[in-house]
file upload04.tsv (TSV, C-alpha atoms and all ligand atoms)
chain	number	residue	atom	x	y	z
A	1	MET	CA	-81.46	85.32	59.51
A	2	ASN	CA	-85.08	85.26	58.32
A	3	HIS	CA	-86.12	88.76	57.27
A	4	GLU	CA	-89.79	87.97	56.66
A	5	PRO	CA	-91.21	89.30	60.00
A	6	PHE	CA	-89.55	92.65	59.32
A	7	ASP	CA	-91.38	92.99	55.98
A	8	ASP	CA	-94.70	93.04	57.87
A	9	LEU	CA	-93.35	95.31	60.59
A	10	ALA	CA	-92.00	97.74	57.98
A	11	ALA	CA	-95.45	97.94	56.32
A	12	VAL	CA	-97.12	98.78	59.65
A	13	TYR	CA	-94.29	101.12	60.71
A	14	ALA	CA	-94.61	103.00	57.41
A	15	VAL	CA	-98.17	104.09	58.33
A	16	GLY	CA	-97.08	105.02	61.89
A	17	ALA	CA	-99.11	102.27	63.57
A	18	LEU	CA	-96.37	100.19	65.20
A	19	ASP	CA	-95.98	100.25	68.99
A	20	GLY	CA	-94.75	98.32	72.04
A	21	ASP	CA	-92.25	95.49	71.66
A	22	ASP	CA	-92.73	95.38	67.88
A	23	LEU	CA	-91.75	99.04	67.59
A	24	ALA	CA	-88.66	98.56	69.77
A	25	ARG	CA	-87.68	95.43	67.83
A	26	PHE	CA	-88.13	97.08	64.46
A	27	GLU	CA	-86.28	100.28	65.39
A	28	GLU	CA	-83.37	98.20	66.69
A	29	HIS	CA	-83.33	96.30	63.40
A	30	LEU	CA	-83.46	99.58	61.48
A	31	ALA	CA	-80.67	101.09	63.59
A	32	ALA	CA	-78.52	98.08	62.69
A	33	GLY	CA	-78.66	99.50	59.15
A	34	CYS	CA	-80.97	97.17	57.19
A	35	GLU	CA	-80.91	98.52	53.65
A	36	ARG	CA	-83.99	96.62	52.60
A	37	CYS	CA	-86.18	98.16	55.33
A	38	THR	CA	-84.68	101.62	54.83
A	39	ALA	CA	-85.60	101.41	51.15
A	40	VAL	CA	-89.11	100.15	51.96
A	41	LEU	CA	-89.71	103.07	54.34
A	42	ARG	CA	-88.37	105.66	51.90
A	43	GLU	CA	-90.49	104.33	49.07
A	44	SER	CA	-93.57	104.05	51.29
A	45	SER	CA	-93.33	107.64	52.41
A	46	GLU	CA	-92.80	108.81	48.81
A	47	ALA	CA	-95.79	106.74	47.71
A	48	LEU	CA	-97.95	108.11	50.55
A	49	VAL	CA	-96.99	111.70	49.68
A	50	GLU	CA	-97.92	111.08	46.05
A	51	LEU	CA	-101.19	109.48	47.11
A	52	ALA	CA	-102.02	112.43	49.40
A	53	ARG	CA	-101.31	114.90	46.57
A	54	ALA	CA	-103.51	112.86	44.29
A	55	VAL	CA	-106.59	112.90	46.54
A	56	PRO	CA	-108.83	114.24	43.82
A	57	PRO	CA	-108.76	112.35	41.50
A	58	ALA	CA	-108.82	109.10	43.52
A	59	ILE	CA	-106.92	107.07	40.93
A	60	PRO	CA	-103.31	106.66	42.08
A	61	PRO	CA	-100.82	108.17	39.65
A	62	ALA	CA	-98.70	105.79	37.60
A	63	ARG	CA	-95.59	106.49	39.70
A	64	VAL	CA	-97.31	105.41	42.90
A	65	LYS	CA	-98.51	102.22	41.28
A	66	GLU	CA	-95.01	101.57	39.98
A	67	THR	CA	-93.46	102.14	43.40
A	68	LEU	CA	-95.93	99.83	45.08
A	69	LEU	CA	-95.38	97.14	42.49
A	70	ARG	CA	-91.63	97.47	42.83
A	71	ARG	CA	-91.94	97.17	46.60
A	72	ALA	CA	-94.17	94.14	46.38
A	73	ALA	CA	-91.78	92.56	43.92
A	74	ALA	CA	-89.09	92.68	46.56
A	75	PHE	CA	-91.12	90.27	48.69
A	76	PRO	CA	-89.78	86.71	48.44
A	77	VAL	CA	-93.03	85.27	47.09
A	78	ALA	CA	-92.10	84.52	43.48
A	79	ALA	CA	-89.94	81.63	42.39
A	80	PRO	CA	-86.24	82.37	42.03
A	81	ARG	CA	-85.86	84.80	39.16
A	82	ARG	CA	-84.09	83.81	36.02
A	83	ARG	CA	-82.48	86.43	33.87
A	84	GLU	CA	-83.16	84.92	30.46
A	85	PRO	CA	-86.87	84.93	29.59
A	86	ARG	CA	-87.27	88.38	30.99
A	87	ARG	CA	-89.99	89.75	28.72
A	88	ARG	CA	-92.31	86.77	28.92
A	89	ALA	CA	-91.96	86.43	32.67
A	90	TRP	CA	-92.91	90.09	33.23
A	91	LEU	CA	-96.70	89.72	32.92
A	92	PRO	CA	-97.37	86.79	35.33
A	93	TRP	CA	-94.67	88.19	37.57
A	94	ALA	CA	-96.43	91.57	37.68
A	95	GLY	CA	-99.69	89.77	38.47
A	96	ALA	CA	-98.10	87.88	41.35
A	97	ALA	CA	-96.51	91.09	42.60
A	98	ALA	CA	-99.85	92.90	42.52
A	99	ALA	CA	-101.47	90.03	44.42
A	100	ALA	CA	-98.64	90.11	46.94
A	101	ALA	CA	-99.16	93.86	47.39
A	102	VAL	CA	-102.86	93.29	48.09
A	103	VAL	CA	-102.07	90.51	50.56
A	104	ALA	CA	-99.43	92.63	52.29
A	105	ALA	CA	-101.85	95.56	52.58
A	106	ALA	CA	-104.60	93.29	53.93
A	107	LEU	CA	-102.20	91.75	56.47
A	108	ALA	CA	-101.00	95.14	57.63
A	109	SER	CA	-104.52	96.52	58.01
A	110	ALA	CA	-105.78	93.39	59.79
A	111	PHE	CA	-102.79	93.62	62.14
A	112	VAL	CA	-103.50	97.30	62.86
A	113	ALA	CA	-107.26	96.74	63.21
A	114	ALA	CA	-106.92	93.84	65.65
A	115	ARG	CA	-104.46	95.77	67.76
A	116	TYR	CA	-106.28	99.08	67.96
A	117	GLU	CA	-110.01	98.30	67.64
A	118	ALA	CA	-110.28	96.92	71.18
A	119	ARG	CA	-108.38	99.91	72.60
A	120	LEU	CA	-110.48	102.42	70.63
A	121	GLY	CA	-113.66	100.67	71.82
A	122	VAL	CA	-112.59	101.00	75.44
A	123	MET	CA	-111.69	104.68	74.92
A	124	ALA	CA	-115.04	105.40	73.26
A	125	ARG	CA	-116.93	103.79	76.13
A	126	GLU	CA	-114.90	105.73	78.71
A	127	MET	CA	-115.52	108.99	76.86
A	128	SER	CA	-119.27	108.53	76.73
A	129	ALA	CA	-119.35	107.59	80.44
A	130	VAL	CA	-117.46	110.80	81.29
A	131	ARG	CA	-119.79	112.85	79.09
A	132	ALA	CA	-122.89	111.32	80.74
A	133	ARG	CA	-121.46	112.04	84.20
A	134	LEU	CA	-120.67	115.67	83.29
A	135	GLN	CA	-124.20	116.15	81.98
A	136	ARG	CA	-125.66	114.72	85.20
A	137	ASP	CA	-123.37	116.94	87.31
A	138	GLU	CA	-124.33	120.00	85.28
A	139	ALA	CA	-128.07	119.29	85.64
A	140	ALA	CA	-127.65	118.84	89.42
A	141	LEU	CA	-125.69	122.11	89.68
A	142	ARG	CA	-128.33	124.04	87.73
A	143	GLU	CA	-131.02	122.66	90.03
A	144	GLU	CA	-129.04	123.69	93.09
A	145	VAL	CA	-128.42	127.20	91.76
A	146	ALA	CA	-132.16	127.54	91.00
A	147	ARG	CA	-132.98	126.54	94.60
A	148	TYR	CA	-130.55	129.06	96.11
A	149	GLN	CA	-131.82	131.75	93.72
A	150	ALA	CA	-135.39	131.06	94.91
A	151	ALA	CA	-134.22	131.29	98.55
A	152	VAL	CA	-132.50	134.65	97.91
A	153	ASP	CA	-135.64	135.97	96.18
A	154	LEU	CA	-137.71	134.94	99.22
A	155	LEU	CA	-135.28	136.69	101.60
A	156	ARG	CA	-135.71	139.98	99.72
A	157	ASP	CA	-139.46	139.89	100.44
A	158	PRO	CA	-140.27	141.64	103.77
A	159	GLU	CA	-143.21	139.25	104.30
A	160	THR	CA	-140.79	136.29	104.54
A	161	ARG	CA	-139.97	134.90	107.98
A	162	VAL	CA	-137.65	132.17	109.17
A	163	VAL	CA	-139.23	129.26	111.06
A	164	THR	CA	-136.99	126.94	113.10
A	165	LEU	CA	-137.69	123.18	113.24
A	166	HIS	CA	-136.35	120.94	116.03
A	167	GLY	CA	-135.48	117.26	115.89
A	168	THR	CA	-137.83	115.01	117.83
A	169	GLY	CA	-138.36	111.31	118.55
A	170	PRO	CA	-135.87	109.13	116.61
A	171	SER	CA	-133.65	112.04	115.43
A	172	PRO	CA	-133.14	114.60	118.22
A	173	ALA	CA	-129.94	115.99	116.58
A	174	ALA	CA	-131.79	116.97	113.38
A	175	THR	CA	-132.38	120.67	112.68
A	176	GLY	CA	-134.42	122.55	110.09
A	177	ARG	CA	-135.22	126.06	108.88
A	178	ILE	CA	-138.06	127.13	106.64
A	179	LEU	CA	-138.01	130.42	104.78
A	180	TRP	CA	-141.76	130.96	104.74
A	181	ASN	CA	-143.76	133.48	102.77
A	182	PRO	CA	-147.53	132.94	103.17
A	183	ALA	CA	-148.29	134.22	99.64
A	184	ARG	CA	-145.33	132.70	97.78
A	185	GLY	CA	-144.48	129.51	99.67
A	186	GLY	CA	-141.00	128.78	100.88
A	187	GLN	CA	-137.86	126.65	101.12
A	188	LEU	CA	-137.05	124.02	103.72
A	189	PHE	CA	-133.39	123.43	104.72
A	190	VAL	CA	-132.60	120.34	106.80
A	191	ALA	CA	-129.37	119.18	108.50
A	192	ASN	CA	-128.33	116.16	110.60
A	193	LEU	CA	-131.31	114.04	109.58
A	194	PRO	CA	-130.26	110.39	109.05
A	195	PRO	CA	-130.96	109.03	105.52
A	196	ALA	CA	-134.42	107.41	105.35
A	197	PRO	CA	-134.44	103.56	105.40
A	198	ALA	CA	-135.01	101.75	102.07
A	199	GLY	CA	-138.56	102.25	100.76
A	200	LYS	CA	-139.11	105.29	103.01
A	201	ALA	CA	-138.90	109.07	102.55
A	202	TYR	CA	-139.46	112.18	104.63
A	203	GLU	CA	-142.71	114.05	104.13
A	204	LEU	CA	-143.30	117.70	105.03
A	205	TRP	CA	-146.65	118.87	106.43
A	206	THR	CA	-148.08	122.37	106.68
A	207	ILE	CA	-150.65	122.47	109.44
A	208	ALA	CA	-153.42	125.09	109.53
A	209	GLU	CA	-156.43	123.16	110.81
A	210	ALA	CA	-155.43	119.64	109.61
A	211	PRO	CA	-152.00	118.51	108.28
A	212	ARG	CA	-151.64	119.21	104.56
A	213	PRO	CA	-149.01	117.21	102.57
A	214	ALA	CA	-146.21	119.50	101.27
A	215	GLY	CA	-144.05	117.00	99.38
A	216	VAL	CA	-141.61	114.16	100.07
A	217	PHE	CA	-137.82	114.46	100.06
A	218	GLN	CA	-134.64	112.50	100.76
A	219	VAL	CA	-131.51	113.70	102.56
A	220	ASP	CA	-127.97	113.31	101.16
A	221	ALA	CA	-125.23	111.18	102.75
A	222	ALA	CA	-124.40	114.09	105.09
A	223	GLY	CA	-128.01	114.30	106.32
A	224	ARG	CA	-128.86	117.50	104.43
A	225	ALA	CA	-131.82	118.37	102.22
A	226	THR	CA	-133.35	121.37	100.51
A	227	HIS	CA	-137.03	121.18	99.62
A	228	PRO	CA	-139.35	123.77	98.02
A	229	VAL	CA	-142.68	124.36	99.78
A	230	GLU	CA	-145.85	125.50	97.99
A	231	ALA	CA	-147.86	128.43	99.34
A	232	ALA	CA	-150.82	127.52	101.53
A	233	PRO	CA	-154.30	127.88	99.96
A	234	ALA	CA	-155.65	131.45	100.16
A	235	GLY	CA	-157.39	132.21	103.45
A	236	THR	CA	-155.47	129.63	105.49
A	237	THR	CA	-152.70	130.42	107.96
A	238	VAL	CA	-150.02	127.81	108.55
A	239	LYS	CA	-149.36	127.50	112.27
A	240	VAL	CA	-147.04	124.48	112.40
A	241	PHE	CA	-144.55	122.75	110.09
A	242	ALA	CA	-143.69	119.08	110.67
A	243	VAL	CA	-141.71	116.32	108.96
A	244	THR	CA	-142.61	112.62	109.33
A	245	LEU	CA	-141.03	109.38	108.07
A	246	GLU	CA	-143.39	107.82	105.49
A	247	PRO	CA	-143.52	105.30	102.62
A	248	ALA	CA	-141.33	106.58	99.74
A	249	GLY	CA	-144.28	107.63	97.55
A	250	GLY	CA	-145.78	109.87	100.26
A	251	VAL	CA	-149.19	109.59	101.96
A	252	PRO	CA	-152.18	112.01	102.11
A	253	ALA	CA	-152.19	112.07	105.93
A	254	PRO	CA	-149.29	111.45	108.35
A	255	THR	CA	-148.80	107.83	109.53
A	256	GLY	CA	-145.14	107.68	110.68
A	257	PRO	CA	-143.10	109.20	113.54
A	258	ILE	CA	-142.50	112.99	113.61
A	259	VAL	CA	-138.76	113.70	113.08
A	260	LEU	CA	-138.86	117.52	112.88
A	261	ALA	CA	-141.45	120.03	114.09
A	262	SER	CA	-141.68	123.81	114.42
A	263	LYS	CA	-142.97	123.75	117.97
B	301	ZN	ZN	-84.96	94.86	57.33
call {"tool": "encode", "arguments": {"input": "upload04.tsv", "output": "structure tokens"}}
result
Amino acid sequence: MNHEPFDDLAAVYAVGALDGDDLARFEEHLAAGCERCTAVLRESSEALVELARAVPPAIPPARVKETLLRRAAAFPVAAPRRREPRRRAWLPWAGAAAAAAVVAAALASAFVAARYEARLGVMAREMSAVRARLQRDEAALREEVARYQAAVDLLRDPETRVVTLHGTGPSPAATGRILWNPARGGQLFVANLPPAPAGKAYELWTIAEAPRPAGVFQVDAAGRATHPVEAAPAGTTVKVFAVTLEPAGGVPAPTGPIVLASK
């Protein structure tokens, strides 16, 4: 049986990077008691331990180099060995063994890189998508808490009153409440208002003498919205609140149908 594939698998297994079918295949082979692979794994782990101990300085100790060379020499890359001219053969043989070690290391790392780079790339992209979503969620939550905090502050002020808005025209089921404080402004809460068509938005008006624009807003999928309202200019008394459907950027004077009004 050809043992060559197991030499590569042993090199990858030794650094803990083997998985899937290859891992199952190699462990089965190992369990069958292959002495060659057992020796490779033992020597690899010894060499790795030595290398880890030797981190500073970065030059591998002689024993590690020896072990690696011995391992590489076990690869069937050299011509059949002859016993006789042992001394002379040592130098070119050592060179070939060193080259084989480099090739084996390059093969193992290319194998590992090809297998795991794509997976790591996918994981990195997923992680950054999750992080971006969490940041968006957190920003939205902070905004919502700030709105409710502002509403609670308004409710503590005895000057604040609650104004009810009723659905009219195209959205009779819509309802609205405004917490209104003439000096501080207020908060509009809307329910059951259908989402505005594409390119449109809802615009709030405070009406003293003439309608005064008080900002545009959109409702969520459930038809709800919360919208802060600025205080009216000093000396004016708001008598009516109204919401109309307008172009998304808002307009200086109402043009569309009234969907909510306070009277
Ligand atoms: Zn083996």
call {"tool": "residues_near_ligand", "arguments": {"input": "upload04.tsv", "ligand": "ligand ZN 301 (chain B)", "cutoff": "12 Å", "atoms": "all atoms listed in the file", "output": "JSON, numbers by chain"}}
result
{"A": [1, 2, 3, 4, 5, 6, 7, 8, 9, 10, 11, 13, 25, 26, 27, 28, 29, 30, 31, 32, 33, 34, 35, 36, 37, 38, 39, 40, 41, 74, 75]}
call {"tool": "atom_distance", "arguments": {"input": "upload04.tsv", "atom1": "CA of Gly20 (chain A)", "atom2": "CA of Glu46 (chain A)"}}
result
25.6 Å
call {"tool": "residues_around", "arguments": {"input": "upload04.tsv", "residues": "Leu204 (chain A)", "least_positions_apart": "5", "cutoff": "10 Å", "atoms": "all atoms listed in the file", "output": "list of chain:residue names"}}
result
A:Leu188, A:Pro211, A:Arg212, A:Pro213, A:Ala214, A:Gly215, A:Val216, A:Phe217, A:His227, A:Val229, A:Phe241, A:Ala242, A:Val243, A:Thr244, A:Leu245, A:Glu246, A:Gly250, A:Pro254, A:Ile258, A:Leu260, A:Ala261
call {"tool": "atom_distance", "arguments": {"input": "upload04.tsv", "atom1": "CA of Ile178 (chain A)", "atom2": "CA of Ala231 (chain A)"}}
result
12.3 Å
call {"tool": "residues_around", "arguments": {"input": "upload04.tsv", "residues": "Ser171 (chain A)", "least_positions_apart": "2", "cutoff": "8 Å", "atoms": "all atoms listed in the file", "output": "list in words"}}
result
Gly167, Thr168, Gly169, Ala173, Ala174, Leu193, Pro194, Val259 and Leu260 of chain A
call {"tool": "atom_distance", "arguments": {"input": "upload04.tsv", "atom1": "CA of Leu18 (chain A)", "atom2": "CA of Val112 (chain A)"}}
result
8.0 Å
call {"tool": "closest_residue", "arguments": {"input": "upload04.tsv", "among": "A:Val103, A:Leu179, A:Val251, A:Leu120", "to": "Tyr148 (chain A)", "atoms": "all atoms listed in the file"}}
result
A:Leu179
